[in-house]
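*Asks:* Sharing work16.cif here; it has mmCIF, C-alpha atoms, pLDDT in the B column; chains and numbers go by the auth columns.
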data_work
loop_
_atom_site.group_PDB
_atom_site.id
_atom_site.type_symbol
_atom_site.label_atom_id
_atom_site.label_comp_id
_atom_site.label_asym_id
_atom_site.label_seq_id
_atom_site.Cartn_x
_atom_site.Cartn_y
_atom_site.Cartn_z
_atom_site.B_iso_or_equiv
_atom_site.auth_seq_id
_atom_site.auth_asym_id
ATOM 1 C CA MET A 1 48.934 71.525 23.967 54.00 249 T
ATOM 2 C CA GLN A 2 48.270 69.087 21.135 77.00 250 T
ATOM 3 C CA PHE A 3 46.697 65.661 21.529 87.00 251 T
ATOM 4 C CA GLU A 4 49.181 63.145 20.207 85.00 252 T
ATOM 5 C CA THR A 5 46.975 60.259 21.350 93.00 253 T
ATOM 6 C CA ILE A 6 43.333 59.819 20.377 94.00 254 T
ATOM 7 C CA LEU A 7 41.237 57.048 21.918 96.00 255 T
ATOM 8 C CA SER A 8 37.817 55.779 20.853 95.00 256 T
ATOM 9 C CA LEU A 9 35.333 54.733 23.547 95.00 257 T
ATOM 10 C CA GLY A 10 32.753 53.327 21.142 88.00 258 T
ATOM 11 C CA PRO A 11 29.918 52.602 21.099 90.00 259 T
ATOM 12 C CA THR A 12 30.914 51.074 17.736 88.00 260 T
ATOM 13 C CA CYS A 13 33.945 51.246 15.453 87.00 261 T
ATOM 14 C CA ARG A 14 32.690 54.497 13.821 90.00 262 T
ATOM 15 C CA ALA A 15 34.818 56.850 15.927 92.00 263 T
ATOM 16 C CA LYS A 16 37.922 54.708 15.423 93.00 264 T
ATOM 17 C CA TYR A 17 37.343 54.571 11.671 91.00 265 T
ATOM 18 C CA GLN A 18 37.017 58.365 11.489 92.00 266 T
ATOM 19 C CA ILE A 19 40.062 58.956 13.731 93.00 267 T
ATOM 20 C CA ILE A 20 42.226 56.769 11.491 92.00 268 T
ATOM 21 C CA ARG A 21 40.771 58.289 8.308 91.00 269 T
ATOM 22 C CA ILE A 22 41.547 61.832 9.464 91.00 270 T
ATOM 23 C CA PHE A 23 44.679 61.461 11.613 89.00 271 T
ATOM 24 C CA GLY A 24 46.178 58.095 10.634 88.00 272 T
ATOM 25 C CA LYS A 25 46.876 55.013 12.743 88.00 273 T
ATOM 26 C CA GLN A 26 49.958 56.346 14.512 87.00 274 T
ATOM 27 C CA ARG A 27 47.934 58.676 16.801 88.00 275 T
ATOM 28 C CA SER A 28 45.360 56.098 17.840 91.00 276 T
ATOM 29 C CA PRO A 29 46.556 52.805 19.324 91.00 277 T
ATOM 30 C CA SER A 30 44.091 49.924 19.092 93.00 278 T
ATOM 31 C CA GLY A 31 41.771 49.546 22.045 96.00 279 T
ATOM 32 C CA VAL A 32 39.047 47.190 23.146 97.00 280 T
ATOM 33 C CA PHE A 33 36.219 49.565 22.180 96.00 281 T
ATOM 34 C CA ASP A 34 37.420 49.642 18.561 93.00 282 T
ATOM 35 C CA TRP A 35 36.472 46.015 17.984 89.00 283 T
ATOM 36 C CA GLN A 36 33.058 45.599 19.605 94.00 284 T
ATOM 37 C CA ALA A 37 29.752 47.388 20.002 93.00 285 T
ATOM 38 C CA THR A 38 29.692 48.684 23.570 95.00 286 T
ATOM 39 C CA PRO A 39 26.755 50.578 25.097 94.00 287 T
ATOM 40 C CA TYR A 40 27.933 53.500 27.246 93.00 288 T
ATOM 41 C CA ARG A 41 26.655 51.787 30.388 95.00 289 T
ATOM 42 C CA ALA A 42 29.003 48.906 29.550 97.00 290 T
ATOM 43 C CA VAL A 43 31.907 51.333 28.988 97.00 291 T
ATOM 44 C CA ARG A 44 31.327 52.600 32.519 96.00 292 T
ATOM 45 C CA PHE A 45 31.296 48.980 33.773 98.00 293 T
ATOM 46 C CA TYR A 46 34.670 48.375 32.094 98.00 294 T
ATOM 47 C CA LEU A 47 36.113 51.462 33.794 98.00 295 T
ATOM 48 C CA ASP A 48 34.523 50.819 37.190 97.00 296 T
ATOM 49 C CA ASN A 49 35.855 47.236 37.209 98.00 297 T
ATOM 50 C CA ASP A 50 39.310 47.875 35.726 98.00 298 T
ATOM 51 C CA PHE A 51 38.264 45.939 32.599 98.00 299 T
ATOM 52 C CA ARG A 52 37.767 42.701 34.596 97.00 300 T
ATOM 53 C CA ASP A 53 34.818 40.301 34.182 96.00 301 T
ATOM 54 C CA THR A 54 33.886 41.800 30.835 98.00 302 T
ATOM 55 C CA PHE A 55 34.426 38.783 28.577 98.00 303 T
ATOM 56 C CA ASN A 56 33.796 35.649 30.649 98.00 304 T
ATOM 57 C CA ARG A 57 32.664 32.656 28.602 98.00 305 T
ATOM 58 C CA GLU A 58 29.544 32.041 30.692 97.00 306 T
ATOM 59 C CA ASP A 59 28.297 35.539 29.825 98.00 307 T
ATOM 60 C CA LEU A 60 28.575 35.095 26.054 98.00 308 T
ATOM 61 C CA VAL A 61 25.701 33.878 23.930 98.00 309 T
ATOM 62 C CA ALA A 62 25.026 33.668 20.186 97.00 310 T
ATOM 63 C CA ILE A 63 21.994 35.690 19.099 96.00 311 T
ATOM 64 C CA ASN A 64 21.094 35.794 15.404 94.00 312 T
ATOM 65 C CA GLY A 65 24.582 34.601 14.471 95.00 313 T
ATOM 66 C CA ARG A 66 26.457 37.208 16.552 96.00 314 T
ATOM 67 C CA VAL A 67 28.095 36.811 19.945 98.00 315 T
ATOM 68 C CA LYS A 68 26.730 39.112 22.633 97.00 316 T
ATOM 69 C CA HIS A 69 27.407 39.564 26.331 98.00 317 T
ATOM 70 C CA ARG A 70 24.154 38.722 28.091 97.00 318 T
ATOM 71 C CA LYS A 71 24.677 41.247 30.940 97.00 319 T
ATOM 72 C CA LEU A 72 26.626 44.105 29.367 97.00 320 T
ATOM 73 C CA HIS A 73 24.903 43.832 25.954 97.00 321 T
ATOM 74 C CA THR A 74 28.211 44.196 24.112 97.00 322 T
ATOM 75 C CA SER A 75 28.359 42.666 20.641 96.00 323 T
ATOM 76 C CA HIS A 76 31.527 40.957 19.389 96.00 324 T
ATOM 77 C CA LEU A 77 31.182 40.766 15.609 89.00 325 T
ATOM 78 C CA HIS A 78 34.934 41.056 14.960 90.00 326 T
ATOM 79 C CA ALA A 79 35.947 38.400 17.521 94.00 327 T
ATOM 80 C CA PHE A 80 33.770 35.567 16.190 97.00 328 T
ATOM 81 C CA PRO A 81 32.653 34.543 12.684 95.00 329 T
ATOM 82 C CA GLU A 82 29.280 35.763 11.518 93.00 330 T
ATOM 83 C CA GLY A 83 26.558 33.116 11.739 95.00 331 T
ATOM 84 C CA ILE A 84 28.091 31.509 14.835 97.00 332 T
ATOM 85 C CA THR A 85 25.984 29.281 17.098 96.00 333 T
ATOM 86 C CA ASP A 86 26.169 28.840 20.873 94.00 334 T
ATOM 87 C CA ALA A 87 27.827 25.462 20.398 94.00 335 T
ATOM 88 C CA GLU A 88 30.624 27.020 18.303 97.00 336 T
ATOM 89 C CA ILE A 89 31.566 29.796 20.742 98.00 337 T
ATOM 90 C CA ASP A 90 33.866 27.449 22.693 97.00 338 T
ATOM 91 C CA VAL A 91 35.952 26.796 19.575 97.00 339 T
ATOM 92 C CA TYR A 92 36.768 30.486 19.055 98.00 340 T
ATOM 93 C CA TYR A 93 36.656 31.686 22.661 98.00 341 T
ATOM 94 C CA PRO A 94 40.314 31.118 23.725 98.00 342 T
ATOM 95 C CA GLN A 95 41.669 33.195 20.841 98.00 343 T
ATOM 96 C CA ALA A 96 38.932 35.822 21.219 98.00 344 T
ATOM 97 C CA ARG A 97 39.603 36.050 24.970 98.00 345 T
ATOM 98 C CA ALA A 98 43.349 36.481 24.457 98.00 346 T
ATOM 99 C CA ARG A 99 42.729 39.287 21.950 97.00 347 T
ATOM 100 C CA HIS A 100 40.153 40.950 24.217 98.00 348 T
ATOM 101 C CA ASP A 101 42.546 40.865 27.192 98.00 349 T
ATOM 102 C CA HIS A 102 45.359 42.275 25.037 98.00 350 T
ATOM 103 C CA LEU A 103 43.154 45.137 23.808 97.00 351 T
ATOM 104 C CA CYS A 104 41.949 45.851 27.352 98.00 352 T
ATOM 105 C CA GLU A 105 45.573 46.182 28.443 98.00 353 T
ATOM 106 C CA LYS A 106 46.312 48.563 25.563 97.00 354 T
ATOM 107 C CA THR A 107 43.270 50.669 26.516 97.00 355 T
ATOM 108 C CA ARG A 108 44.387 50.730 30.162 97.00 356 T
ATOM 109 C CA ALA A 109 47.834 51.906 29.064 96.00 357 T
ATOM 110 C CA VAL A 110 46.386 54.852 27.120 96.00 358 T
ATOM 111 C CA LEU A 111 44.141 55.848 30.026 97.00 359 T
ATOM 112 C CA ARG A 112 47.111 55.762 32.383 94.00 360 T
ATOM 113 C CA CYS A 113 49.551 57.644 30.167 92.00 361 T
ATOM 114 C CA ARG A 114 51.033 61.016 31.052 88.00 362 T
ATOM 115 C CA GLU A 115 50.332 62.776 27.765 92.00 363 T
ATOM 116 C CA PRO A 116 47.012 64.502 26.970 94.00 364 T
ATOM 117 C CA VAL A 117 44.423 62.208 25.375 96.00 365 T
ATOM 118 C CA LEU A 118 41.494 63.135 23.153 96.00 366 T
ATOM 119 C CA ILE A 119 38.749 60.604 23.887 97.00 367 T
ATOM 120 C CA CYS A 120 36.178 60.357 21.091 95.00 368 T
ATOM 121 C CA LEU A 121 32.712 58.882 21.068 94.00 369 T
ATOM 122 C CA GLY A 122 31.066 57.699 17.880 90.00 370 T
ATOM 123 C CA ARG A 123 27.702 59.271 18.669 88.00 371 T
ATOM 124 C CA HIS A 124 26.336 62.556 19.896 89.00 372 T
ATOM 125 C CA ILE A 125 25.008 61.973 23.415 89.00 373 T
ATOM 126 C CA LYS A 126 23.028 63.862 26.037 91.00 374 T
ATOM 127 C CA VAL A 127 24.994 66.047 28.433 94.00 375 T
ATOM 128 C CA THR A 128 23.978 63.910 31.424 94.00 376 T
ATOM 129 C CA ARG A 129 25.338 60.739 29.804 93.00 377 T
ATOM 130 C CA TRP A 130 28.496 62.589 28.726 95.00 378 T
ATOM 131 C CA LEU A 131 29.003 63.813 32.296 96.00 379 T
ATOM 132 C CA ARG A 132 28.560 60.311 33.796 96.00 380 T
ATOM 133 C CA LEU A 133 31.104 58.971 31.333 96.00 381 T
ATOM 134 C CA ALA A 134 33.565 61.815 32.036 97.00 382 T
ATOM 135 C CA ILE A 135 33.249 61.161 35.771 97.00 383 T
ATOM 136 C CA ALA A 136 33.849 57.423 35.235 97.00 384 T
ATOM 137 C CA ILE A 137 37.011 58.221 33.236 98.00 385 T
ATOM 138 C CA ARG A 138 38.202 60.631 35.931 97.00 386 T
ATOM 139 C CA ARG A 139 37.591 58.016 38.665 97.00 387 T
ATOM 140 C CA TYR A 140 39.467 55.395 36.665 97.00 388 T
ATOM 141 C CA ALA A 141 42.394 57.640 35.745 97.00 389 T
ATOM 142 C CA PRO A 142 42.595 60.537 38.221 96.00 390 T
ATOM 143 C CA GLY A 143 45.855 61.851 36.738 94.00 391 T
ATOM 144 C CA LEU A 144 44.807 61.711 33.078 96.00 392 T
ATOM 145 C CA ARG A 145 44.614 64.978 31.140 95.00 393 T
ATOM 146 C CA PHE A 146 41.848 64.443 28.616 96.00 394 T
ATOM 147 C CA LYS A 147 39.020 65.904 26.609 95.00 395 T
ATOM 148 C CA LEU A 148 35.895 63.812 26.055 96.00 396 T
ATOM 149 C CA LEU A 149 34.387 64.600 22.667 95.00 397 T
ATOM 150 C CA ALA A 150 30.916 63.356 21.734 93.00 398 T
ATOM 151 C CA GLY A 151 30.211 62.504 18.106 90.00 399 T
ATOM 152 C CA PRO A 152 28.891 65.200 15.756 90.00 400 T
ATOM 153 C CA LEU A 153 25.251 66.170 15.896 88.00 401 T
ATOM 154 C CA GLY A 154 23.284 65.109 12.810 83.00 402 T
ATOM 155 C CA ASP A 155 25.368 62.067 11.880 80.00 403 T
ATOM 156 C CA LEU A 156 23.823 59.043 10.168 65.00 404 T
ATOM 157 C CA PRO A 157 22.243 56.206 12.175 66.00 405 T
ATOM 158 C CA ASP A 158 24.881 53.857 13.556 66.00 406 T
ATOM 159 C CA ASP A 159 23.973 50.568 11.881 64.00 407 T
ATOM 160 C CA ASP A 160 25.487 47.944 9.581 60.00 408 T
ATOM 161 C CA VAL A 161 24.775 50.072 6.490 60.00 409 T
ATOM 162 C CA CYS A 162 25.853 53.536 7.720 70.00 410 T
ATOM 163 C CA TRP A 163 28.510 52.444 10.223 75.00 411 T
ATOM 164 C CA GLN A 164 31.145 54.902 8.923 80.00 412 T
ATOM 165 C CA GLY A 165 29.068 58.039 9.450 82.00 413 T
ATOM 166 C CA ARG A 166 29.206 61.213 7.364 83.00 414 T
ATOM 167 C CA HIS A 167 32.750 62.128 6.402 88.00 415 T
ATOM 168 C CA ASP A 168 31.947 65.837 5.996 88.00 416 T
ATOM 169 C CA LEU A 169 30.583 66.069 9.550 90.00 417 T
ATOM 170 C CA TRP A 170 33.525 64.199 11.035 90.00 418 T
ATOM 171 C CA ASP A 171 36.024 66.286 9.040 91.00 419 T
ATOM 172 C CA ARG A 172 34.596 69.478 10.574 91.00 420 T
ATOM 173 C CA HIS A 173 34.177 67.869 13.992 89.00 421 T
ATOM 174 C CA LEU A 174 37.759 66.637 14.355 90.00 422 T
ATOM 175 C CA SER A 175 39.602 69.328 12.368 88.00 423 T
ATOM 176 C CA PRO A 176 40.146 71.593 15.421 87.00 424 T
ATOM 177 C CA TYR A 177 42.266 68.829 16.964 85.00 425 T
ATOM 178 C CA SER A 178 44.804 68.498 14.177 74.00 426 T
ATOM 179 C CA SER A 179 47.071 71.301 15.412 58.00 427 T
ATOM 180 C CA ALA A 180 45.861 73.674 18.094 43.00 428 T
ATOM 181 C CA THR A 181 46.010 74.456 21.789 40.00 429 T
ATOM 182 C CA TYR A 182 43.300 72.898 23.933 45.00 430 T
ATOM 183 C CA LYS A 183 41.835 73.297 27.375 49.00 431 T
ATOM 184 C CA LEU A 184 42.275 70.069 29.263 48.00 432 T
ATOM 185 C CA ALA A 185 40.780 68.629 32.392 46.00 433 T
ATOM 186 C CA ARG A 186 43.301 68.984 35.190 47.00 434 T
ATOM 187 C CA PRO A 187 43.981 65.968 37.390 46.00 435 T
ATOM 188 C CA GLY A 188 41.453 65.948 40.210 44.00 436 T
ATOM 189 C CA SER A 189 38.741 67.616 38.130 45.00 437 T
ATOM 190 C CA PHE A 190 36.615 66.546 35.196 43.00 438 T
ATOM 191 C CA PRO A 191 36.072 68.213 31.820 42.00 439 T
ATOM 192 C CA ARG A 192 33.018 70.434 31.543 41.00 440 T
ATOM 193 C CA SER A 193 33.713 72.215 28.296 40.00 441 T
ATOM 194 C CA ALA A 194 30.616 72.808 26.205 35.00 442 T
ATOM 195 C CA ALA A 195 32.889 72.433 23.169 38.00 443 T
ATOM 196 C CA SER A 196 32.992 68.739 23.913 38.00 444 T
ATOM 197 C CA MET A 197 29.320 68.508 23.083 30.00 445 T
ATOM 198 C CA ASP A 198 29.312 70.275 19.689 26.00 446 T
#
Could you take the file, read its structure, and then write that structure out as structure tokens?
*Replies:*
Amino acid sequence: MQFETILSLGPTCRAKYQIIRIFGKQRSPSGVFDWQATPYRAVRFYLDNDFRDTFNREDLVAINGRVKHRKLHTSHLHAFPEGITDAEIDVYYPQARARHDHLCEKTRAVLRCREPVLICLGRHIKVTRWLRLAIAIRRYAPGLRFKLLAGPLGDLPDDDVCWQGRHDLWDRHLSPYSSATYKLARPGSFPRSAASMD
């Protein structure tokens, strides 16, 4: 079975960039994790709380000209202008909140769809963290057929300079998913394939 839908779960826009570069936009609808930096602990919070209480105004603060969530440690560079101050957040917040809510709803829709979904992470992560994230996805969407794929081992640091990652690594990493048959997690179980950690 082929994955027609590919979703990025962060932690930055690297995975989304690579998905679009390799597969095009049509296979990867926009989601909330495409437009913010989201630590994996925060991704689990989003899932555990059905995406609620993740962008309340009182939790947002400007630090070094970027808006961050003081509890979840998400960073919202694309939702607010660079160089923003605390006093200016209120000006941009209504529009940023509407966009965030819209993207959360789009992410929910993908996680609740009936077709198989390839869920990509922008970084290689430890097996224990991968497993906690896979379990959180399974709890959130018990009927979802998915494969959780960590980023490629040996990629560049994920920072403002190297945010795209190495194209050659991502080409090899995602090429098996262009047209092949895959083992999927069945509803009621969670994926444990070692291939997800390559």
*Asks:* Taking (42.6, 51.4, 23.8) in the file's coordinates, which residues come within 6 Å, counting only C-alpha atoms, written as a list of chain:residue names?
*Replies:*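 Collected hits near the coordinates: T:Ser278, T:Gly279, T:Val280, T:Lys354, T:Thr355.
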*Asks:* Which protein, DNA or RNA residues are at most 6 Å from (25.6, 60.5, 23.7) in the file's coordinates when you count all atoms listed in the file, listed as an MDAnalysis selection string?
*Replies:* chainID T and resid 371:374
*Asks:* Of the residues T:His326, T:Arg414, T:Arg360, T:Arg386, which is the one nearest to Cys261 in chain T, using all atoms listed in the file?
*Replies:* T:His326
*Asks:* Given the file shown, enumerate the residues that the PyMOL selection byres ((chain T and resi 262-272) around 10) captures and present them as a PyMOL selection string.
*Replies:* chain T and resi 252+254-261+273-279+281-283+285+367-371+398-399+406-407+410-415+418-419+422-423+425-426
*Asks:* Could you tell me how far CA of Cys361 in chain T sits from CA of Leu396 in chain T, in Å to one decimal place?
*Replies:*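 So the two atoms, CA of Leu396 in chain T and CA of Cys361 in chain T, lie 15.5 Å apart.
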*Asks:* For Pro287 in chain T, find every residue with an atom within 7 Å (counting all atoms listed in the file), except residues of its own chain fewer than 3 positions away, and show them as a CSV table (one decimal) with C-alpha atoms, in the frame of the given file.
*Replies:*
chain,number,residue,atom,x,y,z
T,259,PRO,CA,29.9,52.6,21.1
T,290,ALA,CA,29.0,48.9,29.6
T,291,VAL,CA,31.9,51.3,29.0
T,322,THR,CA,28.2,44.2,24.1
*Asks:* Grab the CA of Leu359 in chain T to CA of Thr302 in chain T distance for me, in Å with one decimal place.
*Replies:*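 So the answer is 17.4 Å.
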*Asks:* Looking at only C-alpha atoms, which of T:Gly391, T:Pro400, T:Pro424, T:Gly313 is the one that sits closest to Val358 in chain T?
*Replies:* T:Gly391
*Asks:* Which residues, written as number ranges by chain, have at least one atom at most 9 Å from Phe299 in chain T, with all atoms listed in the file counted and residues fewer than 2 positions away on the same chain left out?
*Replies:* T: 293-297, 301-302, 349, 352-353, 356
*Asks:* Please measure the separation of CA of Gly402 in chain T and CA of Leu366 in chain T, giving the value in Å to one decimal.
*Replies:*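 Between CA of Gly402 in chain T and CA of Leu366 in chain T the gap works out to 21.0 Å.
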*Asks:* Given the file above and the PyMOL selection byres ((chain T and resi 335) around 12), which residues are selected, and can you give them as an NGL selection string?
*Replies:* :T and (305 or 308-311 or 313 or 315 or 331-334 or 336-341)
*Asks:* As a count of residues only, please: the residues near Arg380 in chain T (cut-off 9 Å, all atoms listed in the file, same-chain neighbours under 5 positions excluded).
*Replies:* 3
